[in-house]
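One structure below.
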Amino acid sequence: MAAGCVIGVDLGGTKLLAGTVDSRLDVHHRAYRLHRPDDAAAVIDQLVEAVQEAIEAATEEVLAVGLGIPALVDPETGVALDSNHLPLRGVSVRDLLTERLGLPVVVDNDANAAMLVEWRMGEAQGTRDAIMLTLGTGIGGGLVVGGRIVHGHRGAAAELGHIMVDSDGPPCPGSCPNHGCLEALVSGHAIGVEGLRVARDAPESGLGRALAAGREITGALVTEIAHDGDPAARDVMTLMGQRLGLGVVTLVNIFNPEVVVVGGGAIAAGELLLAPAREVVERRALPINRSDVRLVSARFGAESGMLGAACMALDAVGVPVG
């Protein structure tokens, strides 16, 4: 790390990951937190705590901090304009962290950060038109169009988790006023909701036995039990994949991307989720749009957001990545 290092931070709806990262994107320390913050001050405090742990673990000079957050972010000011899952409306995240940490801080939407690293060094490398979906507590989105990441008029573009899949579907979680959004139907939270329903309806299944044993039916647990071969859990993942495919059909018909990259914690499901999604895209997307689009897992998996935030920090201080 002769050129120094940076701290990349991925703040999710319920989890926080901060990494000490060098210019080759090698991670030398990870600071992980679970959180359910009640107010913006608690969010900032926990960010500072995790970043300080990562700084203390660094063996070279820390040059900057990059932060991806699940919010609409003004790219010019680093202000979180609104967030569907965290109390960050109107919060000057960049300036608050700069003051507390004494380091340059760059802030963007977490899925934009994930898109950046997958575009630079991951599954979207070499493309001019690409889509990123991050499946976690919610669903984030990132867009590369014509060789540029799209932020929109006020930094609120690419909220791809809020495209409508079913107008009569369930309420979208958080502060979204809509029903039937992709996020309401396919996120890690949605996988857990469907898994719980199946566990109750099929007590003899692996999901049902887990529920009877007192385990919380989360998206991660449904994925684990599906990988273990439980038919009921696999059916849940197939349904989730089909719903994901419906969302991807809309996106590929609008943007005609070369690749759709799926990341976030829920991508631990891998082909259990992506294979049924591809089948839907093959059947329902316009021929020209489905003909050569790839639907793939993120190369950097659930760490795309953290590594993308590190890329943002390296860019901010002029250190080449790679």
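How things are named: the first chain in the structure tokens is A, the next is B, and so on; residues count from 1 in each chain; ligands count from 1 in the order shown.
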Check: Do you know which residues are at most 12 Å from Pro177 of chain A counting only C-alpha atoms, after dropping those on the same chain fewer than 6 positions away, and could you put them as a VMD selection string?
Finding: chain A and resid 84 162 164 170 to 171 184
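Backbone DSSP of segment 39-101 of chain A yields strand (DSSP E) at Val62, Leu63, Ala64, Val65, Gly66, Leu67, Gly68, Ile69, Leu72, Val73, Asp74, Val79, Ala80, Leu81 and Asp82 of chain A.
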Write out the residues from the selection above, keeping N, CA and C atoms, as a PDB file, in the first residue's frame.
ATOM      1  N   VAL A  62      -4.074   6.808   5.659  1.00  0.00           N
ATOM      2  CA  VAL A  62      -5.434   6.815   5.130  1.00  0.00           C
ATOM      3  C   VAL A  62      -5.674   8.154   4.441  1.00  0.00           C
ATOM      4  N   LEU A  63      -5.998   8.084   3.164  1.00  0.00           N
ATOM      5  CA  LEU A  63      -6.088   9.291   2.349  1.00  0.00           C
ATOM      6  C   LEU A  63      -7.480   9.890   2.296  1.00  0.00           C
ATOM      7  N   ALA A  64      -8.509   9.053   2.344  1.00  0.00           N
ATOM      8  CA  ALA A  64      -9.876   9.545   2.184  1.00  0.00           C
ATOM      9  C   ALA A  64     -10.851   8.445   2.568  1.00  0.00           C
ATOM     10  N   VAL A  65     -12.108   8.830   2.657  1.00  0.00           N
ATOM     11  CA  VAL A  65     -13.195   7.898   2.970  1.00  0.00           C
ATOM     12  C   VAL A  65     -14.244   7.998   1.868  1.00  0.00           C
ATOM     13  N   GLY A  66     -14.653   6.842   1.343  1.00  0.00           N
ATOM     14  CA  GLY A  66     -15.763   6.779   0.401  1.00  0.00           C
ATOM     15  C   GLY A  66     -16.930   6.103   1.073  1.00  0.00           C
ATOM     16  N   LEU A  67     -18.119   6.629   0.855  1.00  0.00           N
ATOM     17  CA  LEU A  67     -19.303   6.128   1.547  1.00  0.00           C
ATOM     18  C   LEU A  67     -20.460   5.961   0.576  1.00  0.00           C
ATOM     19  N   GLY A  68     -21.004   4.746   0.532  1.00  0.00           N
ATOM     20  CA  GLY A  68     -22.227   4.486  -0.210  1.00  0.00           C
ATOM     21  C   GLY A  68     -23.372   4.313   0.774  1.00  0.00           C
ATOM     22  N   ILE A  69     -24.450   5.057   0.572  1.00  0.00           N
ATOM     23  CA  ILE A  69     -25.570   5.010   1.502  1.00  0.00           C
ATOM     24  C   ILE A  69     -26.870   4.735   0.746  1.00  0.00           C
ATOM     25  N   LEU A  72     -31.079   8.886  -1.633  1.00  0.00           N
ATOM     26  CA  LEU A  72     -30.912   9.777  -2.771  1.00  0.00           C
ATOM     27  C   LEU A  72     -29.915  10.844  -2.343  1.00  0.00           C
ATOM     28  N   VAL A  73     -28.810  10.942  -3.047  1.00  0.00           N
ATOM     29  CA  VAL A  73     -27.700  11.799  -2.624  1.00  0.00           C
ATOM     30  C   VAL A  73     -27.449  12.876  -3.666  1.00  0.00           C
ATOM     31  N   ASP A  74     -27.366  14.118  -3.222  1.00  0.00           N
ATOM     32  CA  ASP A  74     -26.950  15.210  -4.093  1.00  0.00           C
ATOM     33  C   ASP A  74     -25.444  15.063  -4.320  1.00  0.00           C
ATOM     34  N   VAL A  79     -25.260  15.714   0.402  1.00  0.00           N
ATOM     35  CA  VAL A  79     -26.430  15.720   1.286  1.00  0.00           C
ATOM     36  C   VAL A  79     -27.346  14.562   0.917  1.00  0.00           C
ATOM     37  N   ALA A  80     -27.774  13.803   1.924  1.00  0.00           N
ATOM     38  CA  ALA A  80     -28.774  12.759   1.702  1.00  0.00           C
ATOM     39  C   ALA A  80     -30.138  13.432   1.616  1.00  0.00           C
ATOM     40  N   LEU A  81     -30.718  13.428   0.425  1.00  0.00           N
ATOM     41  CA  LEU A  81     -31.992  14.123   0.225  1.00  0.00           C
ATOM     42  C   LEU A  81     -33.147  13.349   0.853  1.00  0.00           C
ATOM     43  N   ASP A  82     -33.091  12.037   0.751  1.00  0.00           N
ATOM     44  CA  ASP A  82     -34.148  11.194   1.318  1.00  0.00           C
ATOM     45  C   ASP A  82     -33.646   9.759   1.335  1.00  0.00           C
TER      46      ASP A  82
END
Next item on the list: Can you list, as a VMD selection string, all residues belonging to segment 137-182 of chain A that DSSP tags as helix (DSSP H, G or I)?
Entry: chain A and resid 160 to 162 182
Residues just named, written with N, CA and C atoms as a compact mmCIF listing (two decimals), in the first residue's frame:
# COMPACT_ATOMS: atom_id res chain seq x y z
N LEU A 160 -34.13 1.78 -9.19
CA LEU A 160 -34.70 0.70 -9.97
C LEU A 160 -35.53 -0.26 -9.12
N GLY A 161 -35.29 -0.27 -7.82
CA GLY A 161 -36.11 -1.09 -6.95
C GLY A 161 -37.54 -0.61 -6.85
N HIS A 162 -37.80 0.58 -7.37
CA HIS A 162 -39.14 1.15 -7.25
C HIS A 162 -39.87 1.21 -8.58
N LEU A 182 -40.69 -3.55 -7.26
CA LEU A 182 -39.76 -4.67 -7.29
C LEU A 182 -39.20 -4.92 -5.90
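With only C-alpha atoms as the atoms that count, the residue of A:Val144, A:Ala313, A:Val236, A:Leu244 with the shortest distance to Pro257 of chain A is A:Val144.
Minimum distance to Val6 of chain A across A:Met115, A:Ala210, A:Val51, A:Ile44 (counting only C-alpha atoms) occurs at A:Val51.
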Next item on the list: Pick out the closest residue to Trp119 of chain A from this set: A:Glu61, A:Asp166, A:Arg148, A:Gly219. Count only C-alpha atoms.
Entry: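 Looking at the shortest contact to Trp119 of chain A, the residue is A:Arg148.
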Could you name the residues that touch Arg278 of chain A at 9 Å or less, counting only C-alpha atoms, but leaving out those on the same chain fewer than 3 positions away, as an mmCIF file with N, CA, C and O atoms, in the first residue's frame?
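Saved the output as result.cif:
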data_model
loop_
_atom_site.group_PDB
_atom_site.id
_atom_site.type_symbol
_atom_site.label_atom_id
_atom_site.label_comp_id
_atom_site.auth_asym_id
_atom_site.auth_seq_id
_atom_site.Cartn_x
_atom_site.Cartn_y
_atom_site.Cartn_z
ATOM 1 N N GLY A 241 -37.030 -15.384 -8.224
ATOM 2 C CA GLY A 241 -36.322 -15.213 -9.481
ATOM 3 C C GLY A 241 -37.243 -14.804 -10.614
ATOM 4 O O GLY A 241 -36.894 -13.962 -11.449
ATOM 5 N N GLN A 242 -38.435 -15.388 -10.653
ATOM 6 C CA GLN A 242 -39.395 -15.017 -11.689
ATOM 7 C C GLN A 242 -39.820 -13.565 -11.543
ATOM 8 O O GLN A 242 -39.941 -12.836 -12.536
ATOM 9 N N GLY A 245 -37.073 -11.451 -12.728
ATOM 10 C CA GLY A 245 -37.067 -11.454 -14.181
ATOM 11 C C GLY A 245 -38.044 -10.458 -14.770
ATOM 12 O O GLY A 245 -37.752 -9.794 -15.775
ATOM 13 N N VAL A 248 -36.450 -7.143 -14.569
ATOM 14 C CA VAL A 248 -35.352 -7.040 -15.530
ATOM 15 C C VAL A 248 -35.899 -6.864 -16.945
ATOM 16 O O VAL A 248 -35.317 -6.120 -17.750
ATOM 17 N N LEU A 274 -31.096 -16.470 -10.221
ATOM 18 C CA LEU A 274 -30.837 -15.933 -11.558
ATOM 19 C C LEU A 274 -31.360 -16.820 -12.676
ATOM 20 O O LEU A 274 -31.798 -16.315 -13.714
ATOM 21 N N ALA A 275 -31.327 -18.137 -12.505
ATOM 22 C CA ALA A 275 -31.791 -19.023 -13.583
ATOM 23 C C ALA A 275 -33.262 -18.791 -13.911
ATOM 24 O O ALA A 275 -33.618 -18.613 -15.099
ATOM 25 N N VAL A 281 -36.848 -13.438 -18.714
ATOM 26 C CA VAL A 281 -36.327 -12.457 -19.673
ATOM 27 C C VAL A 281 -36.341 -13.039 -21.083
ATOM 28 O O VAL A 281 -36.732 -12.356 -22.052
ATOM 29 N N GLU A 282 -35.966 -14.292 -21.218
ATOM 30 C CA GLU A 282 -35.943 -14.932 -22.533
ATOM 31 C C GLU A 282 -37.339 -15.007 -23.145
ATOM 32 O O GLU A 282 -37.523 -14.868 -24.353
ATOM 33 N N ARG A 283 -38.339 -15.203 -22.315
ATOM 34 C CA ARG A 283 -39.715 -15.338 -22.822
ATOM 35 C C ARG A 283 -40.390 -14.003 -23.060
ATOM 36 O O ARG A 283 -41.228 -13.882 -23.962
ATOM 37 N N ARG A 294 -26.560 -10.109 -20.794
ATOM 38 C CA ARG A 294 -26.166 -11.100 -19.790
ATOM 39 C C ARG A 294 -26.763 -10.707 -18.443
ATOM 40 O O ARG A 294 -26.735 -9.532 -18.071
ATOM 41 N N LEU A 295 -27.270 -11.682 -17.721
ATOM 42 C CA LEU A 295 -27.782 -11.477 -16.368
ATOM 43 C C LEU A 295 -26.904 -12.296 -15.443
ATOM 44 O O LEU A 295 -26.933 -13.532 -15.468
#
Next item on the list: Write out as a list in words the residues lying within 7 Å of Ala310 of chain A, counting only C-alpha atoms and excluding same-chain residues fewer than 2 positions away.
Entry: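 These residues fall inside the cut-off: Val6, Ile7, Gly8, Val21, Gly66, Met306, Leu307, Gly308, Met312, Ala313 and Leu314 of chain A.
Put simply, atom CA of Val9 of chain A is 23.3 Å away from atom CA of Val260 of chain A.
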Next item on the list: Would you please work out which residue, of A:Pro87, A:Met121, A:Leu97, A:Leu25, is nearest to Glu49 of chain A when using only C-alpha atoms?
Entry: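 Closest candidate: A:Leu97.
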Margin query: From the options A:Val249, A:Met132, A:Gly188, A:Asp315, which residue's atoms come nearest to Met237 of chain A, counting only C-alpha atoms?
Written below: A:Gly188
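Shortest separation to His35 of chain A among A:Ala57, A:Leu16, A:Ala233, A:Ala50 occurs at residue A:Leu16, atoms counted being only C-alpha atoms.
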Env of segment 226-229 of chain A: 10 Å cut, atoms = only C-alpha atoms, seq-sep filter 3 positions within chain, self excluded. Answer as a JSON list (two decimals) with all heavy atoms, in the first residue's frame.
[["chain", "number", "residue", "atom", "x", "y", "z"],
["A", 206, "GLY", "N", -38.51, -28.03, 5.23],
["A", 206, "GLY", "CA", -37.35, -27.52, 5.95],
["A", 206, "GLY", "C", -37.61, -26.15, 6.55],
["A", 206, "GLY", "O", -37.19, -25.85, 7.67],
["A", 207, "LEU", "N", -38.33, -25.30, 5.81],
["A", 207, "LEU", "CA", -38.70, -23.99, 6.34],
["A", 207, "LEU", "C", -39.62, -24.13, 7.53],
["A", 207, "LEU", "O", -39.48, -23.43, 8.55],
["A", 207, "LEU", "CB", -39.37, -23.15, 5.24],
["A", 207, "LEU", "CG", -38.46, -22.62, 4.13],
["A", 207, "LEU", "CD1", -39.29, -21.98, 3.03],
["A", 207, "LEU", "CD2", -37.45, -21.62, 4.69],
["A", 220, "ALA", "N", -31.87, -14.65, 4.29],
["A", 220, "ALA", "CA", -30.63, -15.43, 4.35],
["A", 220, "ALA", "C", -30.91, -16.88, 4.73],
["A", 220, "ALA", "O", -30.30, -17.81, 4.18],
["A", 220, "ALA", "CB", -29.66, -14.79, 5.34],
["A", 221, "LEU", "N", -31.83, -17.10, 5.67],
["A", 221, "LEU", "CA", -32.15, -18.47, 6.08],
["A", 221, "LEU", "C", -32.87, -19.22, 4.96],
["A", 221, "LEU", "O", -32.57, -20.40, 4.71],
["A", 221, "LEU", "CB", -33.00, -18.46, 7.35],
["A", 221, "LEU", "CG", -33.38, -19.85, 7.88],
["A", 221, "LEU", "CD1", -32.14, -20.66, 8.23],
["A", 221, "LEU", "CD2", -34.32, -19.74, 9.08],
["A", 222, "VAL", "N", -33.78, -18.56, 4.28],
["A", 222, "VAL", "CA", -34.47, -19.20, 3.15],
["A", 222, "VAL", "C", -33.45, -19.64, 2.11],
["A", 222, "VAL", "O", -33.50, -20.76, 1.58],
["A", 222, "VAL", "CB", -35.52, -18.26, 2.53],
["A", 222, "VAL", "CG1", -36.13, -18.90, 1.28],
["A", 222, "VAL", "CG2", -36.61, -17.93, 3.54],
["A", 223, "THR", "N", -32.48, -18.77, 1.83],
["A", 223, "THR", "CA", -31.43, -19.08, 0.86],
["A", 223, "THR", "C", -30.60, -20.28, 1.32],
["A", 223, "THR", "O", -30.31, -21.20, 0.53],
["A", 223, "THR", "CB", -30.53, -17.86, 0.66],
["A", 223, "THR", "OG1", -31.31, -16.77, 0.16],
["A", 223, "THR", "CG2", -29.41, -18.16, -0.31],
["A", 232, "ALA", "N", -39.48, -26.72, -0.70],
["A", 232, "ALA", "CA", -40.29, -25.54, -0.43],
["A", 232, "ALA", "C", -39.46, -24.27, -0.51],
["A", 232, "ALA", "O", -39.90, -23.26, -1.08],
["A", 232, "ALA", "CB", -40.93, -25.66, 0.96],
["A", 233, "ALA", "N", -38.26, -24.30, 0.05],
["A", 233, "ALA", "CA", -37.39, -23.13, -0.01],
["A", 233, "ALA", "C", -36.95, -22.86, -1.45],
["A", 233, "ALA", "O", -36.84, -21.71, -1.88],
["A", 233, "ALA", "CB", -36.17, -23.33, 0.89],
["A", 234, "ARG", "N", -36.69, -23.92, -2.20],
["A", 234, "ARG", "CA", -36.32, -23.73, -3.61],
["A", 234, "ARG", "C", -37.48, -23.12, -4.39],
["A", 234, "ARG", "O", -37.26, -22.30, -5.30],
["A", 234, "ARG", "CB", -35.89, -25.07, -4.23],
["A", 234, "ARG", "CG", -34.49, -25.48, -3.81],
["A", 234, "ARG", "CD", -34.07, -26.81, -4.39],
["A", 234, "ARG", "NE", -32.65, -27.03, -4.16],
["A", 234, "ARG", "CZ", -31.70, -26.85, -5.08],
["A", 234, "ARG", "NH1", -32.03, -26.47, -6.30],
["A", 234, "ARG", "NH2", -30.43, -27.06, -4.79],
["A", 235, "ASP", "N", -38.71, -23.51, -4.06],
["A", 235, "ASP", "CA", -39.87, -22.92, -4.73],
["A", 235, "ASP", "C", -39.95, -21.42, -4.43],
["A", 235, "ASP", "O", -40.32, -20.62, -5.31],
["A", 235, "ASP", "CB", -41.16, -23.60, -4.28],
["A", 235, "ASP", "CG", -41.33, -24.99, -4.88],
["A", 235, "ASP", "OD1", -40.60, -25.32, -5.84],
["A", 235, "ASP", "OD2", -42.19, -25.74, -4.38],
["A", 236, "VAL", "N", -39.62, -21.05, -3.20],
["A", 236, "VAL", "CA", -39.60, -19.63, -2.86],
["A", 236, "VAL", "C", -38.58, -18.89, -3.73],
["A", 236, "VAL", "O", -38.87, -17.83, -4.30],
["A", 236, "VAL", "CB", -39.27, -19.42, -1.36],
["A", 236, "VAL", "CG1", -39.02, -17.93, -1.07],
["A", 236, "VAL", "CG2", -40.39, -19.95, -0.49],
["A", 237, "MET", "N", -37.40, -19.45, -3.87],
["A", 237, "MET", "CA", -36.37, -18.79, -4.67],
["A", 237, "MET", "C", -36.75, -18.74, -6.14],
["A", 237, "MET", "O", -36.45, -17.76, -6.83],
["A", 237, "MET", "CB", -35.02, -19.49, -4.49],
["A", 237, "MET", "CG", -34.48, -19.50, -3.07],
["A", 237, "MET", "SD", -34.54, -17.90, -2.22],
["A", 237, "MET", "CE", -33.61, -16.86, -3.35],
["A", 238, "THR", "N", -37.43, -19.78, -6.62],
["A", 238, "THR", "CA", -37.89, -19.74, -8.01],
["A", 238, "THR", "C", -38.88, -18.61, -8.22],
["A", 238, "THR", "O", -38.80, -17.86, -9.21],
["A", 238, "THR", "CB", -38.53, -21.08, -8.39],
["A", 238, "THR", "OG1", -37.54, -22.12, -8.33],
["A", 238, "THR", "CG2", -39.10, -21.04, -9.81],
["A", 268, "ALA", "N", -26.40, -14.22, -2.64],
["A", 268, "ALA", "CA", -25.90, -15.50, -2.14],
["A", 268, "ALA", "C", -26.73, -16.66, -2.70],
["A", 268, "ALA", "O", -26.26, -17.79, -2.76],
["A", 268, "ALA", "CB", -25.93, -15.53, -0.61],
["A", 269, "ALA", "N", -27.95, -16.37, -3.13],
["A", 269, "ALA", "CA", -28.80, -17.40, -3.74],
["A", 269, "ALA", "C", -28.26, -17.84, -5.09],
["A", 269, "ALA", "O", -28.57, -18.94, -5.55],
["A", 269, "ALA", "CB", -30.23, -16.88, -3.89],
["A", 270, "GLY", "N", -27.48, -17.01, -5.76],
["A", 270, "GLY", "CA", -26.85, -17.38, -7.02],
["A", 270, "GLY", "C", -27.84, -17.82, -8.08],
["A", 270, "GLY", "O", -28.85, -17.15, -8.35],
["A", 272, "LEU", "N", -30.02, -20.11, -8.08],
["A", 272, "LEU", "CA", -31.39, -20.37, -7.62],
["A", 272, "LEU", "C", -32.28, -19.18, -7.92],
["A", 272, "LEU", "O", -33.48, -19.33, -8.16],
["A", 272, "LEU", "CB", -31.40, -20.65, -6.12],
["A", 272, "LEU", "CG", -30.74, -21.95, -5.65],
["A", 272, "LEU", "CD1", -30.73, -22.01, -4.13],
["A", 272, "LEU", "CD2", -31.46, -23.16, -6.23]]
Item checked: Point-to-point distance from atom CA of Val150 of chain A to atom CA of Thr127 of chain A, Å rounded to tenths ->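 Atom CA of Thr127 of chain A lies at a distance of 14.2 Å from atom CA of Val150 of chain A.
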